[in-house]
$ cat upload.pdb   # PDB, C-alpha atoms
ATOM      1  CA  MET F 555      -5.306 -15.589 -23.847
ATOM      2  CA  LYS F 556      -8.883 -16.335 -22.836
ATOM      3  CA  TYR F 557     -10.707 -16.067 -19.548
ATOM      4  CA  CYS F 558     -13.595 -18.016 -18.063
ATOM      5  CA  GLU F 559     -16.876 -16.119 -18.351
ATOM      6  CA  LYS F 560     -17.938 -17.182 -14.891
ATOM      7  CA  CYS F 561     -14.838 -17.112 -12.694
ATOM      8  CA  SER F 562     -12.443 -15.111 -14.885
ATOM      9  CA  SER F 563      -9.612 -17.587 -14.459
ATOM     10  CA  ILE F 564      -7.160 -17.975 -17.322
ATOM     11  CA  LEU F 565      -8.000 -20.731 -19.810
ATOM     12  CA  ASN F 566      -5.740 -22.846 -21.939
ATOM     13  CA  ASP F 567      -6.466 -22.829 -25.643
ATOM     14  CA  GLU F 568      -7.193 -26.543 -25.706
ATOM     15  CA  ASP F 569      -9.615 -26.523 -22.741
ATOM     16  CA  SER F 570     -13.293 -27.142 -23.380
ATOM     17  CA  VAL F 571     -14.251 -26.543 -19.754
ATOM     18  CA  CYS F 572     -12.758 -24.090 -17.267
ATOM     19  CA  GLY F 573     -10.068 -25.739 -15.161
ATOM     20  CA  ASN F 574     -11.107 -23.721 -12.111
ATOM     21  CA  CYS F 575     -14.895 -23.853 -11.971
ATOM     22  CA  GLY F 576     -15.841 -26.376 -14.662
ATOM     23  CA  THR F 577     -17.918 -24.000 -16.749
ATOM     24  CA  LYS F 578     -18.137 -25.037 -20.362
ATOM     25  CA  ILE F 579     -16.339 -22.593 -22.590
ATOM     26  CA  PRO F 580     -18.500 -21.177 -25.372
ATOM     27  CA  GLY F 581     -16.570 -20.992 -28.601
ATOM     28  CA  ALA F 582     -13.825 -23.296 -27.359
ATOM     29  CA  GLN F 583     -14.227 -25.329 -30.509
ATOM     30  CA  SER F 584     -13.937 -22.300 -32.767
ATOM     31  CA  SER F 585     -10.183 -21.933 -32.263
ATOM     32  CA  SER F 586      -8.441 -22.698 -35.523
ATOM     33  CA  GLY F 587      -6.167 -25.670 -35.935
ATOM     34  CA  GLY F 588      -6.459 -29.238 -34.820
ATOM     35  CA  ASP F 589      -5.999 -28.639 -31.107
ATOM     36  CA  ALA F 590      -9.697 -28.375 -30.302
ATOM     37  CA  GLY F 591     -10.893 -30.283 -27.241
ATOM     38  CA  ALA F 592     -11.926 -33.899 -27.179
ATOM     39  CA  GLN F 593     -15.556 -32.881 -26.956
ATOM     40  CA  SER F 594     -15.547 -31.096 -30.294
ATOM     41  CA  SER F 595     -13.376 -33.666 -32.026
ATOM     42  CA  SER F 596     -16.096 -36.199 -31.264
ATOM     43  CA  ASN F 597     -18.556 -33.812 -32.822
ATOM     44  CA  PRO F 598     -17.485 -32.492 -36.190
ATOM     45  CA  PHE F 599     -20.318 -29.947 -36.212
ATOM     46  CA  GLY F 600     -18.908 -28.382 -33.083
ATOM     47  CA  ALA F 601     -16.196 -26.798 -35.164
ATOM     48  CA  SER F 602     -18.617 -25.007 -37.434
ATOM     49  CA  PRO F 603     -17.924 -21.288 -37.473
ATOM     50  CA  GLY F 604     -20.588 -19.143 -35.886
ATOM     51  CA  SER F 605     -21.524 -21.604 -33.176
ATOM     52  CA  GLY F 606     -19.079 -20.109 -30.700
ATOM     53  CA  PRO F 607     -19.705 -16.379 -30.812
ATOM     54  CA  SER F 608     -23.475 -16.728 -30.494
ATOM     55  CA  ALA F 609     -23.099 -18.461 -27.145
ATOM     56  CA  GLY F 610     -22.545 -15.314 -25.102
ATOM     57  CA  PRO F 611     -25.630 -13.242 -24.298
ATOM     58  CA  ASN F 612     -23.646 -10.029 -24.657
ATOM     59  CA  ALA F 613     -21.399 -10.907 -27.560
ATOM     60  CA  GLY F 614     -19.859  -7.757 -28.980
ATOM     61  CA  ALA F 615     -19.442  -6.644 -32.554
ATOM     62  CA  GLY F 616     -16.306  -8.709 -33.074
ATOM     63  CA  GLY F 617     -17.970 -11.840 -31.751
ATOM     64  CA  GLN F 618     -16.077 -11.397 -28.474
ATOM     65  CA  ALA F 619     -18.134 -11.306 -25.292
ATOM     66  CA  THR F 620     -17.908  -8.084 -23.320
ATOM     67  CA  PRO F 621     -16.604  -8.857 -19.843
ATOM     68  CA  PRO F 622     -18.914  -8.210 -16.874
ATOM     69  CA  LYS F 623     -18.936  -4.727 -15.393
ATOM     70  CA  TYR F 624     -19.363  -3.722 -11.792
ATOM     71  CA  MET F 625     -20.445  -0.095 -11.723
ATOM     72  CA  VAL F 626     -23.695  -0.492  -9.789
ATOM     73  CA  PRO F 627     -22.415  -2.836  -7.067
ATOM     74  CA  GLY F 628     -19.275  -0.667  -6.867
ATOM     75  CA  ILE F 629     -21.242   2.504  -6.168
ATOM     76  CA  LEU F 630     -23.579   0.782  -3.736
ATOM     77  CA  SER F 631     -20.764  -0.919  -1.841
ATOM     78  CA  ILE F 632     -18.995   2.424  -1.301
ATOM     79  CA  LEU F 633     -22.124   4.014   0.071
ATOM     80  CA  PHE F 634     -23.619   1.131   2.015
ATOM     81  CA  CYS F 635     -20.488  -0.614   3.277
ATOM     82  CA  CYS F 636     -18.873   2.704   4.210
ATOM     83  CA  TRP F 637     -15.616   1.605   2.689
ATOM     84  CA  PRO F 638     -13.858   3.193  -0.286
ATOM     85  CA  PHE F 639     -12.002   0.218  -1.779
ATOM     86  CA  ALA F 640     -14.645   0.079  -4.491
ATOM     87  CA  ILE F 641     -13.369   3.281  -6.121
ATOM     88  CA  PRO F 642     -10.705   1.279  -8.055
ATOM     89  CA  CYS F 643     -13.566  -1.083  -8.943
ATOM     90  CA  LEU F 644     -15.322   1.826 -10.689
ATOM     91  CA  VAL F 645     -12.123   2.968 -12.414
ATOM     92  CA  TYR F 646     -11.372  -0.496 -13.820
ATOM     93  CA  THR F 647     -14.974  -0.950 -14.954
ATOM     94  CA  SER F 648     -14.799   2.376 -16.801
ATOM     95  CA  LYS F 649     -11.856   1.071 -18.853
ATOM     96  CA  ILE F 650     -13.685  -1.971 -20.215
ATOM     97  CA  ASP F 651     -15.666  -0.361 -23.047
ATOM     98  CA  GLY F 652     -12.653   1.565 -24.338
ATOM     99  CA  LEU F 653     -10.456  -1.539 -24.343
ATOM    100  CA  MET F 654     -13.139  -3.557 -26.138
ATOM    101  CA  ALA F 655     -13.500  -0.788 -28.736
ATOM    102  CA  GLN F 656      -9.751  -0.972 -29.350
ATOM    103  CA  GLY F 657      -9.991  -4.725 -29.731
ATOM    104  CA  LYS F 658      -7.919  -5.329 -26.596
ATOM    105  CA  VAL F 659     -10.195  -8.117 -25.396
ATOM    106  CA  ASP F 660      -7.646  -9.695 -23.043
ATOM    107  CA  GLU F 661      -6.974  -6.393 -21.328
ATOM    108  CA  ALA F 662     -10.707  -5.710 -21.057
ATOM    109  CA  TRP F 663     -11.198  -9.055 -19.296
ATOM    110  CA  GLU F 664      -8.206  -8.299 -17.084
ATOM    111  CA  ALA F 665      -9.767  -4.936 -16.144
ATOM    112  CA  SER F 666     -13.070  -6.674 -15.419
ATOM    113  CA  LYS F 667     -11.303  -9.196 -13.203
ATOM    114  CA  LYS F 668      -9.482  -6.464 -11.269
ATOM    115  CA  SER F 669     -12.722  -4.534 -10.922
ATOM    116  CA  LYS F 670     -14.413  -7.621  -9.489
ATOM    117  CA  ASN F 671     -11.527  -8.276  -7.096
ATOM    118  CA  TRP F 672     -11.652  -4.714  -5.748
ATOM    119  CA  LEU F 673     -15.421  -5.055  -5.353
ATOM    120  CA  ILE F 674     -15.095  -8.308  -3.409
ATOM    121  CA  ALA F 675     -12.278  -6.845  -1.292
ATOM    122  CA  SER F 676     -14.431  -3.806  -0.558
ATOM    123  CA  ILE F 677     -17.417  -5.858   0.530
ATOM    124  CA  VAL F 678     -15.445  -8.430   2.543
ATOM    125  CA  ILE F 679     -13.206  -5.874   4.286
ATOM    126  CA  GLY F 680     -16.188  -3.608   4.911
ATOM    127  CA  PHE F 681     -18.144  -6.471   6.456
ATOM    128  CA  VAL F 682     -15.241  -7.710   8.608
ATOM    129  CA  VAL F 683     -14.393  -4.215   9.839
ATOM    130  CA  GLN F 684     -18.041  -3.563  10.700
ATOM    131  CA  VAL F 685     -18.256  -6.781  12.697
ATOM    132  CA  ILE F 686     -15.037  -5.896  14.567
ATOM    133  CA  ALA F 687     -16.367  -2.384  15.192
ATOM    134  CA  ILE F 688     -19.594  -3.765  16.653
ATOM    135  CA  ILE F 689     -17.641  -6.174  18.895
ATOM    136  CA  ILE F 690     -15.429  -3.336  20.159
ATOM    137  CA  SER F 691     -18.478  -1.135  20.652
ATOM    138  CA  VAL F 692     -20.303  -3.811  22.641
ATOM    139  CA  ALA F 693     -17.201  -4.587  24.699
ATOM    140  CA  ALA F 694     -16.642  -0.898  25.412
ATOM    141  CA  SER F 695     -20.203  -0.439  26.611
ATOM    142  CA  ALA F 696     -20.042  -3.605  28.717
ATOM    143  CA  PHE F 697     -16.934  -2.461  30.582
ATOM    144  CA  SER F 698     -17.862   1.170  30.983
TER
ATOM    145  CA  MET Z 291     -25.475 -31.487 -29.122
ATOM    146  CA  LEU Z 292     -24.860 -27.822 -29.744
ATOM    147  CA  THR Z 293     -28.169 -26.925 -28.177
ATOM    148  CA  ALA Z 294     -27.451 -29.107 -25.171
ATOM    149  CA  ARG Z 295     -24.080 -27.457 -24.644
ATOM    150  CA  GLY Z 296     -25.609 -24.022 -24.910
ATOM    151  CA  LEU Z 297     -28.333 -24.863 -22.419
ATOM    152  CA  GLY Z 298     -25.930 -26.519 -20.047
ATOM    153  CA  HIS Z 299     -23.699 -23.490 -20.088
ATOM    154  CA  SER Z 300     -26.408 -20.934 -19.461
ATOM    155  CA  SER Z 301     -28.246 -22.895 -16.800
ATOM    156  CA  GLY Z 302     -25.011 -23.595 -14.915
ATOM    157  CA  LEU Z 303     -24.192 -19.907 -14.914
ATOM    158  CA  GLY Z 304     -27.751 -18.947 -14.019
ATOM    159  CA  HIS Z 305     -27.846 -21.303 -11.047
ATOM    160  CA  ARG Z 306     -24.873 -19.733  -9.275
ATOM    161  CA  ARG Z 307     -26.047 -16.263 -10.236
ATOM    162  CA  ARG Z 308     -29.529 -16.924  -8.864
ATOM    163  CA  ILE Z 309     -28.187 -18.072  -5.498
ATOM    164  CA  LEU Z 310     -26.105 -14.891  -5.295
ATOM    165  CA  ASP Z 311     -29.134 -12.792  -6.283
ATOM    166  CA  ILE Z 312     -31.280 -14.364  -3.571
ATOM    167  CA  ILE Z 313     -28.508 -13.786  -0.998
ATOM    168  CA  ILE Z 314     -28.313 -10.116  -2.048
ATOM    169  CA  LEU Z 315     -32.076  -9.635  -1.678
ATOM    170  CA  ALA Z 316     -32.161 -11.493   1.651
ATOM    171  CA  ALA Z 317     -29.221  -9.447   2.979
ATOM    172  CA  GLN Z 318     -31.020  -6.231   2.090
ATOM    173  CA  ALA Z 319     -34.250  -7.338   3.743
ATOM    174  CA  GLY Z 320     -32.321  -8.594   6.771
ATOM    175  CA  ALA Z 321     -30.346  -5.355   7.133
ATOM    176  CA  LEU Z 322     -33.554  -3.324   6.811
ATOM    177  CA  ILE Z 323     -35.327  -5.352   9.497
ATOM    178  CA  VAL Z 324     -32.365  -5.483  11.901
ATOM    179  CA  PHE Z 325     -31.100  -1.915  11.587
ATOM    180  CA  GLY Z 326     -34.446  -0.322  10.747
ATOM    181  CA  PHE Z 327     -36.617  -1.878  13.408
ATOM    182  CA  LEU Z 328     -34.858  -4.241  15.834
ATOM    183  CA  ILE Z 329     -31.819  -2.167  16.848
ATOM    184  CA  LYS Z 330     -32.118   1.545  17.490
ATOM    185  CA  PRO Z 331     -29.342   4.103  16.860
ATOM    186  CA  GLY Z 332     -27.392   4.664  20.035
ATOM    187  CA  SER Z 333     -27.391   0.966  20.889
ATOM    188  CA  ALA Z 334     -23.942  -0.555  21.240
ATOM    189  CA  LEU Z 335     -24.960  -3.038  18.556
ATOM    190  CA  TYR Z 336     -25.497  -0.307  15.996
ATOM    191  CA  PRO Z 337     -22.485  -0.413  13.653
ATOM    192  CA  PRO Z 338     -20.392   2.744  13.876
ATOM    193  CA  CYS Z 339     -18.533   3.919  10.768
ATOM    194  CA  PRO Z 340     -14.970   2.655  11.287
ATOM    195  CA  PHE Z 341     -13.522   5.524   9.246
ATOM    196  CA  HIS Z 342     -15.396   8.120  11.309
ATOM    197  CA  THR Z 343     -14.471   6.403  14.569
ATOM    198  CA  LEU Z 344     -10.775   6.337  13.674
ATOM    199  CA  THR Z 345     -10.380   9.739  12.036
ATOM    200  CA  GLY Z 346     -13.332  11.854  13.134
ATOM    201  CA  LEU Z 347     -13.929  12.598   9.449
ATOM    202  CA  HIS Z 348     -17.014  11.688   7.447
ATOM    203  CA  CYS Z 349     -16.659   8.980   4.791
ATOM    204  CA  PRO Z 350     -18.830   9.143   1.656
ATOM    205  CA  GLY Z 351     -21.260   6.673   3.226
ATOM    206  CA  CYS Z 352     -21.590   8.387   6.605
ATOM    207  CA  GLY Z 353     -25.202   9.293   7.283
ATOM    208  CA  THR Z 354     -26.622   6.551   5.067
ATOM    209  CA  ALA Z 355     -28.230   4.622   7.927
ATOM    210  CA  ARG Z 356     -29.431   7.801   9.664
ATOM    211  CA  GLY Z 357     -30.876   9.016   6.380
ATOM    212  CA  ILE Z 358     -32.697   5.770   5.635
ATOM    213  CA  LEU Z 359     -34.154   5.715   9.160
ATOM    214  CA  ARG Z 360     -35.463   9.286   8.728
ATOM    215  CA  ILE Z 361     -36.937   8.427   5.329
ATOM    216  CA  LEU Z 362     -38.615   5.341   6.776
ATOM    217  CA  GLY Z 363     -40.037   7.634   9.453
ATOM    218  CA  GLY Z 364     -41.555   9.857   6.777
ATOM    219  CA  ASP Z 365     -38.998  12.698   6.894
ATOM    220  CA  ILE Z 366     -37.716  12.419   3.330
ATOM    221  CA  LEU Z 367     -35.861  15.742   3.074
ATOM    222  CA  GLY Z 368     -34.367  15.388   6.544
ATOM    223  CA  GLY Z 369     -33.230  11.911   5.520
ATOM    224  CA  LEU Z 370     -31.624  12.998   2.247
ATOM    225  CA  ARG Z 371     -29.837  15.786   4.104
ATOM    226  CA  GLN Z 372     -27.917  13.189   6.150
ATOM    227  CA  ASN Z 373     -26.181  12.009   3.008
ATOM    228  CA  LEU Z 374     -27.070  13.801  -0.228
ATOM    229  CA  LEU Z 375     -25.822  10.837  -2.263
ATOM    230  CA  LEU Z 376     -28.841   8.924  -0.951
ATOM    231  CA  ALA Z 377     -30.809  10.815  -3.609
ATOM    232  CA  LEU Z 378     -28.663   8.919  -6.115
ATOM    233  CA  THR Z 379     -28.008   5.622  -4.367
ATOM    234  CA  LEU Z 380     -31.525   4.778  -3.177
ATOM    235  CA  PRO Z 381     -33.017   4.999  -6.711
ATOM    236  CA  LEU Z 382     -29.982   3.111  -8.038
ATOM    237  CA  LEU Z 383     -30.501   0.404  -5.431
ATOM    238  CA  ALA Z 384     -34.179   0.188  -6.384
ATOM    239  CA  LEU Z 385     -33.339  -0.136 -10.104
ATOM    240  CA  ALA Z 386     -30.650  -2.754  -9.384
ATOM    241  CA  ASP Z 387     -33.171  -4.703  -7.310
ATOM    242  CA  ILE Z 388     -35.679  -4.627 -10.180
ATOM    243  CA  ASN Z 389     -33.049  -6.274 -12.394
ATOM    244  CA  ILE Z 390     -32.190  -8.791  -9.669
ATOM    245  CA  ILE Z 391     -35.838  -9.724  -9.098
ATOM    246  CA  PHE Z 392     -36.329 -10.267 -12.847
ATOM    247  CA  ARG Z 393     -33.246 -12.525 -12.905
ATOM    248  CA  VAL Z 394     -34.407 -14.513  -9.884
ATOM    249  CA  PHE Z 395     -37.614 -15.307 -11.761
ATOM    250  CA  GLY Z 396     -35.664 -16.344 -14.827
ATOM    251  CA  ARG Z 397     -36.402 -13.253 -16.918
ATOM    252  CA  LYS Z 398     -33.942 -11.043 -18.716
ATOM    253  CA  PRO Z 399     -33.051  -7.958 -16.605
ATOM    254  CA  PRO Z 400     -34.990  -5.073 -18.225
ATOM    255  CA  LEU Z 401     -32.679  -2.181 -17.284
ATOM    256  CA  PRO Z 402     -29.281  -1.706 -19.033
ATOM    257  CA  LEU Z 403     -27.556  -0.529 -15.842
ATOM    258  CA  GLU Z 404     -24.137  -2.020 -16.569
ATOM    259  CA  ASN Z 405     -24.211  -1.690 -20.341
ATOM    260  CA  PRO Z 406     -25.508   1.775 -21.122
ATOM    261  CA  PRO Z 407     -25.087   3.090 -24.694
ATOM    262  CA  GLN Z 408     -21.725   4.577 -25.616
ATOM    263  CA  PRO Z 409     -19.973   6.540 -24.288
ATOM    264  CA  TRP Z 410     -21.745   6.197 -20.926
ATOM    265  CA  GLY Z 411     -20.246   2.808 -20.190
ATOM    266  CA  LYS Z 412     -16.923   4.597 -19.730
ATOM    267  CA  LEU Z 413     -18.140   7.965 -18.405
ATOM    268  CA  LEU Z 414     -20.663   6.854 -15.780
ATOM    269  CA  PRO Z 415     -18.290   4.798 -13.577
ATOM    270  CA  LEU Z 416     -15.627   7.538 -13.771
ATOM    271  CA  ALA Z 417     -18.209  10.224 -12.961
ATOM    272  CA  ALA Z 418     -19.392   8.153 -10.000
ATOM    273  CA  ALA Z 419     -15.834   7.715  -8.708
ATOM    274  CA  ILE Z 420     -15.115  11.462  -9.052
ATOM    275  CA  LEU Z 421     -18.453  12.453  -7.502
ATOM    276  CA  ILE Z 422     -17.918  10.165  -4.523
ATOM    277  CA  GLY Z 423     -14.321  11.376  -4.068
ATOM    278  CA  ALA Z 424     -15.369  15.035  -4.282
ATOM    279  CA  PHE Z 425     -18.251  14.448  -1.865
ATOM    280  CA  TRP Z 426     -15.840  12.783   0.551
ATOM    281  CA  ILE Z 427     -13.549  15.828   0.573
ATOM    282  CA  LEU Z 428     -16.211  18.562   0.502
ATOM    283  CA  ARG Z 429     -18.351  17.224   3.334
ATOM    284  CA  ASN Z 430     -15.344  17.382   5.663
ATOM    285  CA  ILE Z 431     -14.742  21.107   5.126
ATOM    286  CA  PRO Z 432     -16.051  22.720   8.318
ATOM    287  CA  VAL Z 433     -17.244  25.956   6.661
ATOM    288  CA  PHE Z 434     -20.867  26.881   5.986
ATOM    289  CA  PRO Z 435     -21.973  25.706   2.561
ATOM    290  CA  PHE Z 436     -20.036  22.479   2.996
ATOM    291  CA  THR Z 437     -21.287  21.753   6.506
ATOM    292  CA  PHE Z 438     -24.653  21.104   4.870
ATOM    293  CA  LEU Z 439     -23.092  18.028   3.233
ATOM    294  CA  ALA Z 440     -22.066  16.518   6.579
ATOM    295  CA  PRO Z 441     -24.564  14.378   8.488
ATOM    296  CA  GLU Z 442     -26.010  15.612  11.738
ATOM    297  CA  ALA Z 443     -24.456  14.492  15.018
ATOM    298  CA  LEU Z 444     -24.721  10.746  15.542
ATOM    299  CA  LEU Z 445     -26.678  10.526  18.778
ATOM    300  CA  ARG Z 446     -29.435  13.056  18.507
ATOM    301  CA  PRO Z 447     -32.007  12.922  21.284
TER
END

$ encode --input "upload.pdb" --output "C-alpha cells"
Amino acid sequence: MKYCEKCSSILNDEDSVCGNCGTKIPGAQSSSGGDAGAQSSSNPFGASPGSGPSAGPNAGAGGQATPPKYMVPGILSILFCCWPFAIPCLVYTSKIDGLMAQGKVDEAWEASKKSKNWLIASIVIGFVVQVIAIIISVAASAFS
Amino acid sequence: MLTARGLGHSSGLGHRRRILDIIILAAQAGALIVFGFLIKPGSALYPPCPFHTLTGLHCPGCGTARGILRILGGDILGGLRQNLLLALTLPLLALADINIIFRVFGRKPPLPLENPPQPWGKLLPLAAAILIGAFWILRNIPVFPFTFLAPEALLRP
C-alpha cells in the first residue's frame, strides 16, 4: 500500500495522481506489470527504472521516501499551546526511522500520518480551548 | 516529460508548504506583538492556561508567556526560571524558524532538525516526550528543589 507524500491518503496502485489532493505520485509508473496509469502508458520512457525513486528529495536507501517527521512542531506545540496531545505525536515520529530500517515502509508512513494527526489535534484543540478560556475570562470580568 | 512531471510535483508541494510557512511566521510575529506589547498580563484578554485553571496544577507549558515577557524585558535568568524548558524551546524555535525562512525564499532548509543522523531520529523525539512528561510531574511537587521548576504566581505586582 502506498500513501500520498503530501496528504498521506491511501493511494491505489494504478493511480498516477492522488485521489484526495491531486498531487502527482512520484514513481507511480515504476510499479511492475501493465497496470501503470494512462499518463505513463502514453509515455514509454515513464516506465524506465530509476525515474521514480529519484523523485523524492529524501529518498532512503531502498529508494523509498522517508515519511515526514514532526518532532520539532510536536515539542513546540506542547510548550507553546499548553496542551499535551502532541506527546503521542513525538512517540509516533520516533518510530519512523526504526520502521524504515526494518523495511516496513507502509507502517512508517502510517506512523507519520498518526503523528501528524496528533499534532494537528494538539494545535487545533489548544487553539479552540484558549479562545474559549479567553471568552470565559472576559465574561467573568465583565460580570464581576 | 519526466522533467516536467518532476517540476510540477515539487512546485505544487512547495506552494502549499510555503503558504503554511508564511502563516507560521505571521502567527509567531502576531502572537509576539499581541501578547508581548498590546495586552498586559492580568488583563482579562490574556489567555489563562486551561489546564492550570481547571486543575490548579502546572502543565509543561505553564510559565512560557511569563518567561518570554521577562526575557523581552531583559531579565533572561528570571525568564528562564518561569519555565526551564524555555532554555530548550526558544533555541529550537529559532532554529526551526531559520529553516522556515530558508524554505520561504525557495532555498533548501540548512538544518537537519527532523532527520538527524542515526540513531537520533528515534532517540530525540522519545527523549523529548520523556523530558516533557517528567518536567510536568516534577514541577507539581510542592517540596523545595521541585518548587524551583514551577513558575512564579501568575499576577505578580

$ closest_atom_pairs --input "upload.pdb" --of "chain Z" --to "chain F" --cutoff "7 Å" --atoms "all atoms listed in the file" --output "Markdown table"
| residue | atom | partner | partner_atom | distance |
| --- | --- | --- | --- | --- |
| Z:Leu292 | CA | F:Gly600 | CA | 6.8 |
| Z:Gly296 | CA | F:Ala609 | CA | 6.5 |
| Z:His299 | CA | F:Lys578 | CA | 5.8 |
| Z:Leu303 | CA | F:Lys560 | CA | 6.8 |
| Z:Ala334 | CA | F:Val692 | CA | 5.1 |
| Z:Leu335 | CA | F:Ile688 | CA | 5.7 |
| Z:Tyr336 | CA | F:Ile688 | CA | 6.9 |
| Z:Pro337 | CA | F:Ile688 | CA | 5.3 |
| Z:Pro338 | CA | F:Ala687 | CA | 6.7 |
| Z:Cys339 | CA | F:Cys636 | CA | 6.7 |
| Z:Pro340 | CA | F:Ala687 | CA | 6.5 |
| Z:Cys349 | CA | F:Cys636 | CA | 6.7 |
| Z:Pro350 | CA | F:Leu633 | CA | 6.3 |
| Z:Gly351 | CA | F:Leu633 | CA | 4.2 |
| Z:Cys352 | CA | F:Cys636 | CA | 6.7 |
| Z:Thr354 | CA | F:Phe634 | CA | 6.9 |
| Z:Thr379 | CA | F:Leu630 | CA | 6.6 |
| Z:Glu404 | CA | F:Lys623 | CA | 6.0 |
| Z:Gly411 | CA | F:Asp651 | CA | 6.3 |
| Z:Lys412 | CA | F:Ser648 | CA | 4.2 |
| Z:Leu413 | CA | F:Ser648 | CA | 6.7 |
| Z:Pro415 | CA | F:Leu644 | CA | 5.1 |
| Z:Leu416 | CA | F:Val645 | CA | 5.9 |
| Z:Ala419 | CA | F:Ile641 | CA | 5.7 |

$ atom_distance --input "upload.pdb" --atom1 "CA of Glu661 in chain F" --atom2 "CA of Ala619 in chain F"
12.8 Å

$ atom_distance --input "upload.pdb" --atom1 "CA of Ile674 in chain F" --atom2 "CA of Pro331 in chain Z"
27.7 Å

$ atom_distance --input "upload.pdb" --atom1 "CA of His348 in chain Z" --atom2 "CA of Ile677 in chain F"
18.9 Å

$ residues_around --input "upload.pdb" --residues "range 361-367 of chain Z" --least-positions-apart "5" --cutoff "12 Å" --atoms "all atoms listed in the file" --output "number ranges by chain"
Z: 322-323, 325-327, 353-356, 372-374, 376-377, 380

$ residues_around --input "upload.pdb" --residues "Pro621 in chain F" --least-positions-apart "4" --cutoff "7 Å" --atoms "all atoms listed in the file" --output "number ranges by chain"
F: 662-663, 666

$ resolve_selection --input "upload.pdb" --expression "the PyMOL selection byres ((chain Z and resi 394) around 12)" --output "list in words"
Gly304, His305, Arg306, Arg307, Arg308, Ile309, Leu310, Asp311, Ile312, Ile313, Ile314, Leu315, Asp387, Ile388, Asn389, Ile390, Ile391, Phe392, Arg393, Phe395, Gly396, Arg397, Lys398 and Pro399 of chain Z

$ axis_aligned_box --input "upload.pdb" --around "range 315-320 of chain Z" --padding-each-side "4 Å" --output "AutoDock Vina command-line options"
--center_x -31.7 --center_y -8.9 --center_z 2.5 --size_x 13.0 --size_y 13.3 --size_z 16.4

$ closest_residue --input "upload.pdb" --among "Z:Pro406, Z:Phe425, Z:Leu385, Z:Ala316" --to "Phe438 in chain Z" --atoms "all atoms listed in the file"
Z:Phe425
